[in-house]
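Reproduced below: run-v6.cif, with mmCIF, C-alpha atoms.
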data_coords
loop_
_atom_site.label_atom_id
_atom_site.label_comp_id
_atom_site.auth_asym_id
_atom_site.auth_seq_id
_atom_site.Cartn_x
_atom_site.Cartn_y
_atom_site.Cartn_z
CA MET A 1 0.00 0.00 0.00
CA THR A 2 1.33 3.44 -0.87
CA GLN A 3 1.93 6.21 1.64
CA ALA A 4 -1.01 8.15 0.20
CA ALA A 5 -3.27 5.12 0.49
CA SER A 6 -2.19 4.56 4.06
CA LEU A 7 -3.01 8.14 4.93
CA ALA A 8 -6.40 7.91 3.29
CA ASP A 9 -7.27 4.82 5.33
CA GLU A 10 -8.09 5.98 8.84
CA THR A 11 -7.96 2.42 10.16
CA GLY A 12 -4.61 1.64 8.58
CA PRO A 13 -1.17 1.58 10.20
CA ARG A 14 -0.20 4.56 12.26
CA GLU A 15 3.15 4.86 10.50
CA THR A 16 4.02 4.95 6.81
CA PRO A 17 6.71 2.81 5.12
CA ASP A 18 9.25 5.59 5.70
CA ASN A 19 8.42 5.48 9.44
CA ARG A 20 6.69 8.86 9.49
CA ARG A 21 3.65 9.07 11.73
CA LEU A 22 0.35 9.85 10.03
CA SER A 23 -0.06 12.87 12.31
CA ASP A 24 3.27 14.23 11.01
CA ILE A 25 2.13 13.81 7.43
CA ALA A 26 -1.18 15.47 8.30
CA TYR A 27 0.76 18.34 9.91
CA ASP A 28 2.76 18.83 6.70
CA ARG A 29 -0.36 18.68 4.55
CA VAL A 30 -2.16 21.33 6.55
CA LEU A 31 0.83 23.66 6.24
CA GLU A 32 1.19 22.90 2.54
CA GLY A 33 -2.50 23.65 2.05
CA LEU A 34 -2.03 26.96 3.83
CA PHE A 35 1.15 27.89 1.96
CA ASP A 36 -0.35 26.82 -1.40
CA ARG A 37 -3.47 28.91 -0.60
CA LYS A 38 -5.82 25.94 -0.75
CA VAL A 39 -6.73 27.15 2.72
CA PRO A 40 -6.66 30.98 2.74
CA ALA A 41 -4.85 32.72 5.59
CA GLY A 42 -7.43 33.79 8.16
CA ALA A 43 -9.96 31.23 6.92
CA PHE A 44 -12.56 29.76 9.27
CA VAL A 45 -13.22 26.16 8.23
CA SER A 46 -14.69 23.00 9.66
CA GLN A 47 -12.79 19.83 10.39
CA ASN A 48 -14.71 18.09 7.59
CA ASP A 49 -13.67 20.83 5.17
CA LEU A 50 -10.02 20.04 5.87
CA VAL A 51 -10.58 16.28 5.66
CA ASN A 52 -12.07 16.67 2.17
CA LEU A 53 -9.85 19.47 0.91
CA LEU A 54 -6.52 18.00 2.01
CA ASP A 55 -7.39 14.27 1.90
CA ILE A 56 -6.53 13.72 5.55
CA PRO A 57 -8.33 11.24 7.84
CA VAL A 58 -9.93 12.58 10.97
CA GLN A 59 -7.71 11.29 13.77
CA PRO A 60 -4.32 12.26 12.28
CA LEU A 61 -5.84 15.63 11.38
CA ARG A 62 -6.96 16.20 14.97
CA ASP A 63 -3.48 15.36 16.24
CA ALA A 64 -1.89 17.73 13.74
CA LEU A 65 -4.33 20.55 14.53
CA ARG A 66 -3.49 20.37 18.23
CA VAL A 67 0.20 20.77 17.43
CA LEU A 68 -0.47 23.64 15.03
CA GLU A 69 -2.65 25.36 17.62
CA ALA A 70 0.19 25.11 20.16
CA GLU A 71 2.47 26.68 17.54
CA GLY A 72 0.08 29.57 16.99
CA VAL A 73 -0.83 28.77 13.38
CA LEU A 74 -4.53 28.27 14.13
CA THR A 75 -7.18 28.30 16.85
CA ILE A 76 -9.57 25.41 17.42
CA HIS A 77 -13.08 26.50 18.40
CA PRO A 78 -14.91 23.46 19.85
CA ARG A 79 -18.12 22.56 17.98
CA SER A 80 -17.54 25.54 15.71
CA GLY A 81 -14.47 25.25 13.49
CA ILE A 82 -10.82 26.04 12.94
CA GLN A 83 -9.60 29.63 12.57
CA PHE A 84 -6.31 30.00 10.72
CA LEU A 85 -3.88 32.76 11.55
CA LYS A 86 -4.02 35.86 9.38
CA PRO A 87 -0.65 37.65 9.34
CA ASP A 88 -0.68 41.28 10.45
CA LEU A 89 1.73 44.04 11.32
CA GLU A 90 2.26 42.87 14.89
CA LEU A 91 3.04 39.28 13.84
CA ALA A 92 5.60 40.56 11.34
CA ARG A 93 7.31 42.75 13.91
CA SER A 94 7.33 40.05 16.57
CA THR A 95 8.59 37.37 14.20
CA TYR A 96 11.49 39.40 12.85
CA GLN A 97 12.41 40.66 16.29
CA PHE A 98 12.60 37.08 17.56
CA ARG A 99 14.55 35.92 14.50
CA THR A 100 17.03 38.74 15.03
CA ILE A 101 17.62 37.76 18.66
CA ILE A 102 18.25 34.12 17.73
CA GLU A 103 20.24 34.62 14.55
CA ARG A 104 22.56 37.28 15.90
CA ALA A 105 23.96 34.62 18.21
CA ALA A 106 23.82 32.07 15.41
CA ALA A 107 25.77 34.34 13.05
CA ARG A 108 28.58 34.73 15.57
CA THR A 109 28.88 30.99 16.05
CA TYR A 110 28.61 30.35 12.31
CA ALA A 111 31.38 32.83 11.58
CA GLU A 112 33.62 31.11 14.11
CA THR A 113 32.87 27.48 13.25
CA ALA A 114 31.49 27.07 9.72
CA GLU A 115 33.53 24.94 7.34
CA VAL A 116 35.59 27.04 4.94
CA GLU A 117 34.31 25.00 2.00
CA THR A 118 30.68 25.48 3.04
CA VAL A 119 31.03 29.25 3.24
CA ALA A 120 32.95 29.41 -0.05
CA ALA A 121 30.28 27.36 -1.83
CA LEU A 122 27.50 29.60 -0.52
CA ILE A 123 29.37 32.73 -1.60
CA ALA A 124 29.91 31.29 -5.08
CA ASP A 125 26.27 30.24 -5.43
CA HIS A 126 25.04 33.66 -4.28
CA LYS A 127 27.29 35.43 -6.78
CA ALA A 128 26.20 33.08 -9.58
CA LEU A 129 22.54 33.80 -8.92
CA ILE A 130 23.17 37.54 -8.78
CA GLU A 131 24.86 37.33 -12.19
CA ASP A 132 22.01 35.28 -13.65
CA ILE A 133 19.38 37.71 -12.32
CA GLU A 134 21.25 40.75 -13.63
CA ARG A 135 21.72 39.43 -17.14
CA GLY A 136 18.68 37.22 -17.72
CA GLU A 137 14.93 37.16 -17.39
CA PHE A 138 13.84 36.93 -13.76
CA ASP A 139 11.72 33.79 -13.46
CA ALA A 140 10.28 31.26 -11.03
CA GLY A 141 13.40 29.12 -11.21
CA MET A 142 15.47 32.00 -9.84
CA ILE A 143 12.97 32.51 -7.02
CA ASP A 144 13.34 28.82 -6.16
CA ARG A 145 17.12 29.18 -6.13
CA LEU A 146 16.81 32.19 -3.84
CA GLY A 147 14.68 30.16 -1.44
CA GLU A 148 17.22 27.35 -1.46
CA LEU A 149 20.06 29.76 -0.66
CA GLU A 150 18.04 31.32 2.17
CA GLU A 151 17.51 27.88 3.67
CA ARG A 152 21.17 26.92 3.33
CA LEU A 153 22.39 30.12 4.96
CA HIS A 154 19.84 30.65 7.72
CA GLY A 155 19.45 26.92 8.34
CA GLY A 156 23.22 26.54 8.53
CA MET A 157 23.53 29.36 11.02
CA ILE A 158 20.82 27.91 13.27
CA ALA A 159 22.37 24.43 13.02
CA SER A 160 25.75 25.84 14.11
CA LEU A 161 24.30 26.52 17.57
CA ARG A 162 23.64 22.77 18.05
CA ASN A 163 20.61 23.49 20.19
CA PRO A 164 17.46 21.43 19.46
CA LEU A 165 15.23 23.88 21.35
CA ILE A 166 16.39 26.73 19.13
CA GLU A 167 15.97 24.57 16.02
CA THR A 168 12.36 23.83 17.00
CA THR A 169 11.67 27.53 17.59
CA ALA A 170 13.33 28.43 14.30
CA ARG A 171 11.04 26.04 12.41
CA ARG A 172 8.02 27.69 13.99
CA LEU A 173 9.30 31.13 13.06
CA LYS A 174 9.95 29.90 9.52
CA ASN A 175 6.25 28.97 9.24
CA TYR A 176 5.31 32.47 10.37
CA VAL A 177 7.67 34.02 7.83
CA THR A 178 6.20 31.91 5.04
CA LEU A 179 2.69 33.04 6.01
CA ILE A 180 3.75 36.68 6.22
CA ARG A 181 5.36 36.51 2.77
CA LEU A 182 2.44 34.82 1.00
CA GLU A 183 1.14 38.07 -0.49
CA ARG A 184 4.58 39.48 -1.26
CA LEU A 185 5.69 39.58 -4.87
CA VAL A 186 9.35 38.62 -5.20
CA THR A 187 10.79 41.08 -7.71
CA ARG A 188 14.22 41.33 -9.29
CA PRO A 189 15.32 44.30 -7.07
CA LEU A 190 14.09 42.55 -3.92
CA ALA A 191 15.94 39.34 -4.80
CA LEU A 192 19.16 41.23 -5.51
CA ARG A 193 18.98 43.15 -2.23
CA THR A 194 18.39 39.94 -0.30
CA LEU A 195 21.31 38.17 -1.98
CA ARG A 196 23.68 41.07 -1.34
CA GLU A 197 22.65 41.21 2.32
CA HIS A 198 23.39 37.49 2.54
CA LEU A 199 26.80 38.09 1.03
CA GLU A 200 27.63 40.60 3.78
CA ILE A 201 27.01 37.84 6.34
CA LEU A 202 28.97 35.28 4.36
CA GLU A 203 31.95 37.54 3.72
CA ALA A 204 32.15 38.21 7.47
CA ALA A 205 32.03 34.45 8.10
CA ARG A 206 34.73 33.89 5.47
CA ILE A 207 37.20 36.07 7.40
CA ARG A 208 35.99 34.75 10.78
CA ASP A 209 34.72 38.15 11.90
CA ALA A 210 31.96 37.22 14.35
CA ALA A 211 31.07 40.81 15.22
CA ALA A 212 30.69 41.78 11.57
CA ALA A 213 28.55 38.70 10.91
CA GLU A 214 26.26 39.64 13.79
CA THR A 215 25.97 43.21 12.53
CA ALA A 216 25.23 41.99 9.00
CA VAL A 217 22.43 39.72 10.23
CA SER A 218 20.88 42.60 12.19
CA HIS A 219 21.01 44.79 9.09
CA HIS A 220 19.51 42.01 6.96
CA PHE A 221 16.53 41.50 9.24
CA GLN A 222 15.94 45.23 9.70
CA ALA A 223 15.85 45.64 5.94
CA ALA A 224 13.67 42.56 5.48
CA LEU A 225 11.20 43.82 8.07
CA GLN A 226 10.96 47.19 6.35
CA ARG A 227 10.21 45.41 3.08
CA ILE A 228 7.52 43.33 4.79
CA LEU A 229 5.96 46.32 6.58
CA GLY A 230 5.32 47.90 3.22
CA MET A 231 2.75 45.16 2.58
CA PHE A 232 0.50 46.17 5.50
#
Would it be possible to restate this file's structure as structure tokens?
Amino acid sequence: MTQAASLADETGPRETPDNRRLSDIAYDRVLEGLFDRKVPAGAFVSQNDLVNLLDIPVQPLRDALRVLEAEGVLTIHPRSGIQFLKPDLELARSTYQFRTIIERAAARTYAETAEVETVAALIADHKALIEDIERGEFDAGMIDRLGELEERLHGGMIASLRNPLIETTARRLKNYVTLIRLERLVTRPLALRTLREHLEILEAARIRDAAAAETAVSHHFQAALQRILGMF
């Protein structure tokens, strides 16, 4: 039986062939539905709506919804429905403030401990994307590459702290950021500014300047927040 078939069968095994719990898969599907706009941000829906829309059986869905409620993505109203978070100005400010606090420390550690080859590869890939954006048509493939580079840099900095509690918090903040950015159009100038801000962090890491890396991260998040605030 396939993973999809297992998930569709509420009475089937509680784990899939790759050992992922059905509630974990349901969790991912709810977030994917939200990020893909199948479920609009701020929507008020019933449990049955989600079962039908996302092809998730009831019990794994309930487990996933409880986790997502604890993470602040939604609110469960008993006998009424599920209210999804609608990003606003305060959420944006709070999210980027929290990210700044965490990643300033992460940038210092990353600058001191990151593998030389890892930093060099990230610098090269950032410069290559900048060149492609400047000389070619800006397309969805470039946006995907930008997202990959963001994950490699910010994910690498968080991982350098070797703290599972911070990694869990960072994943939650990443979900908030994705929600906040849903209505933002990624343009050529925005992508170039983001990549150049990343390069400031990476160049500081390349020369092992922890203070400069911390300053560059603060600048990056301040600029990113200003770009986000323009949406509200």
Discussion item. For the PyMOL selection byres ((chain A and resi 149) around 10), applied here, can you spell out every residue it catches as a ChimeraX atom specification?
Written reply: /A:122-123,125-126,129,143-148,150-155,195,198
Discussion item. Running the PyMOL selection byres ((chain A and resi 75) around 12) on this model by hand, what would come out? Give it as a ChimeraX atom specification.
Written reply: /A:42-46,65-74,76-78,80-86
12 Å contact set for A:Ile207, all atoms listed in the file, chain neighbours under 2 positions out, as a tab-separated table (two decimals) with C-alpha atoms, keeping the file's coordinate frame:
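File produced: around04.tsv:
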chain	number	residue	atom	x	y	z
A	108	ARG	CA	28.58	34.73	15.57
A	110	TYR	CA	28.61	30.35	12.31
A	111	ALA	CA	31.38	32.83	11.58
A	112	GLU	CA	33.62	31.11	14.11
A	113	THR	CA	32.87	27.48	13.25
A	114	ALA	CA	31.49	27.07	9.72
A	115	GLU	CA	33.53	24.94	7.34
A	116	VAL	CA	35.59	27.04	4.94
A	119	VAL	CA	31.03	29.25	3.24
A	120	ALA	CA	32.95	29.41	-0.05
A	200	GLU	CA	27.63	40.60	3.78
A	201	ILE	CA	27.01	37.84	6.34
A	202	LEU	CA	28.97	35.28	4.36
A	203	GLU	CA	31.95	37.54	3.72
A	204	ALA	CA	32.15	38.21	7.47
A	205	ALA	CA	32.03	34.45	8.10
A	209	ASP	CA	34.72	38.15	11.90
A	210	ALA	CA	31.96	37.22	14.35
A	211	ALA	CA	31.07	40.81	15.22
A	212	ALA	CA	30.69	41.78	11.57
A	213	ALA	CA	28.55	38.70	10.91
Item to complete: Output the residue selection produced by the PyMOL selection byres ((chain A and resi 92) around 12) on the file above, formatted as a ChimeraX atom specification.
Response: /A:86-91,93-99,173-181,221-222,224-232
Worksheet item: Mind pulling up the distance from atom CA of A:Pro189 to atom CA of A:Ala105?
Response: 28.4 Å
Worksheet item: In Å, how far is it from atom CA of A:Glu197 to atom CA of A:His220?
Response: 5.7 Å
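Counting from atom CA of A:Ala124, the distance to atom CA of A:Arg196 is 12.2 Å.
Comparing the minimum interatomic distances between A:Leu165 and each of A:Ile102, A:Ala223, A:Leu199, A:Ala26, counting all atoms listed in the file, we find that A:Ile102 sits nearest.
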Response to the item:
Using all atoms listed in the file, the shortest atom-to-atom distance to A:Ala191 among A:Ile166, A:Ala128, A:Ala159, A:Ile133 belongs to A:Ile133
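Between A:Arg208 and the residues A:Thr100, A:Asn52, A:Thr109, A:Gln59, the shortest atom-to-atom distance, using all atoms listed in the file, involves A:Thr109.
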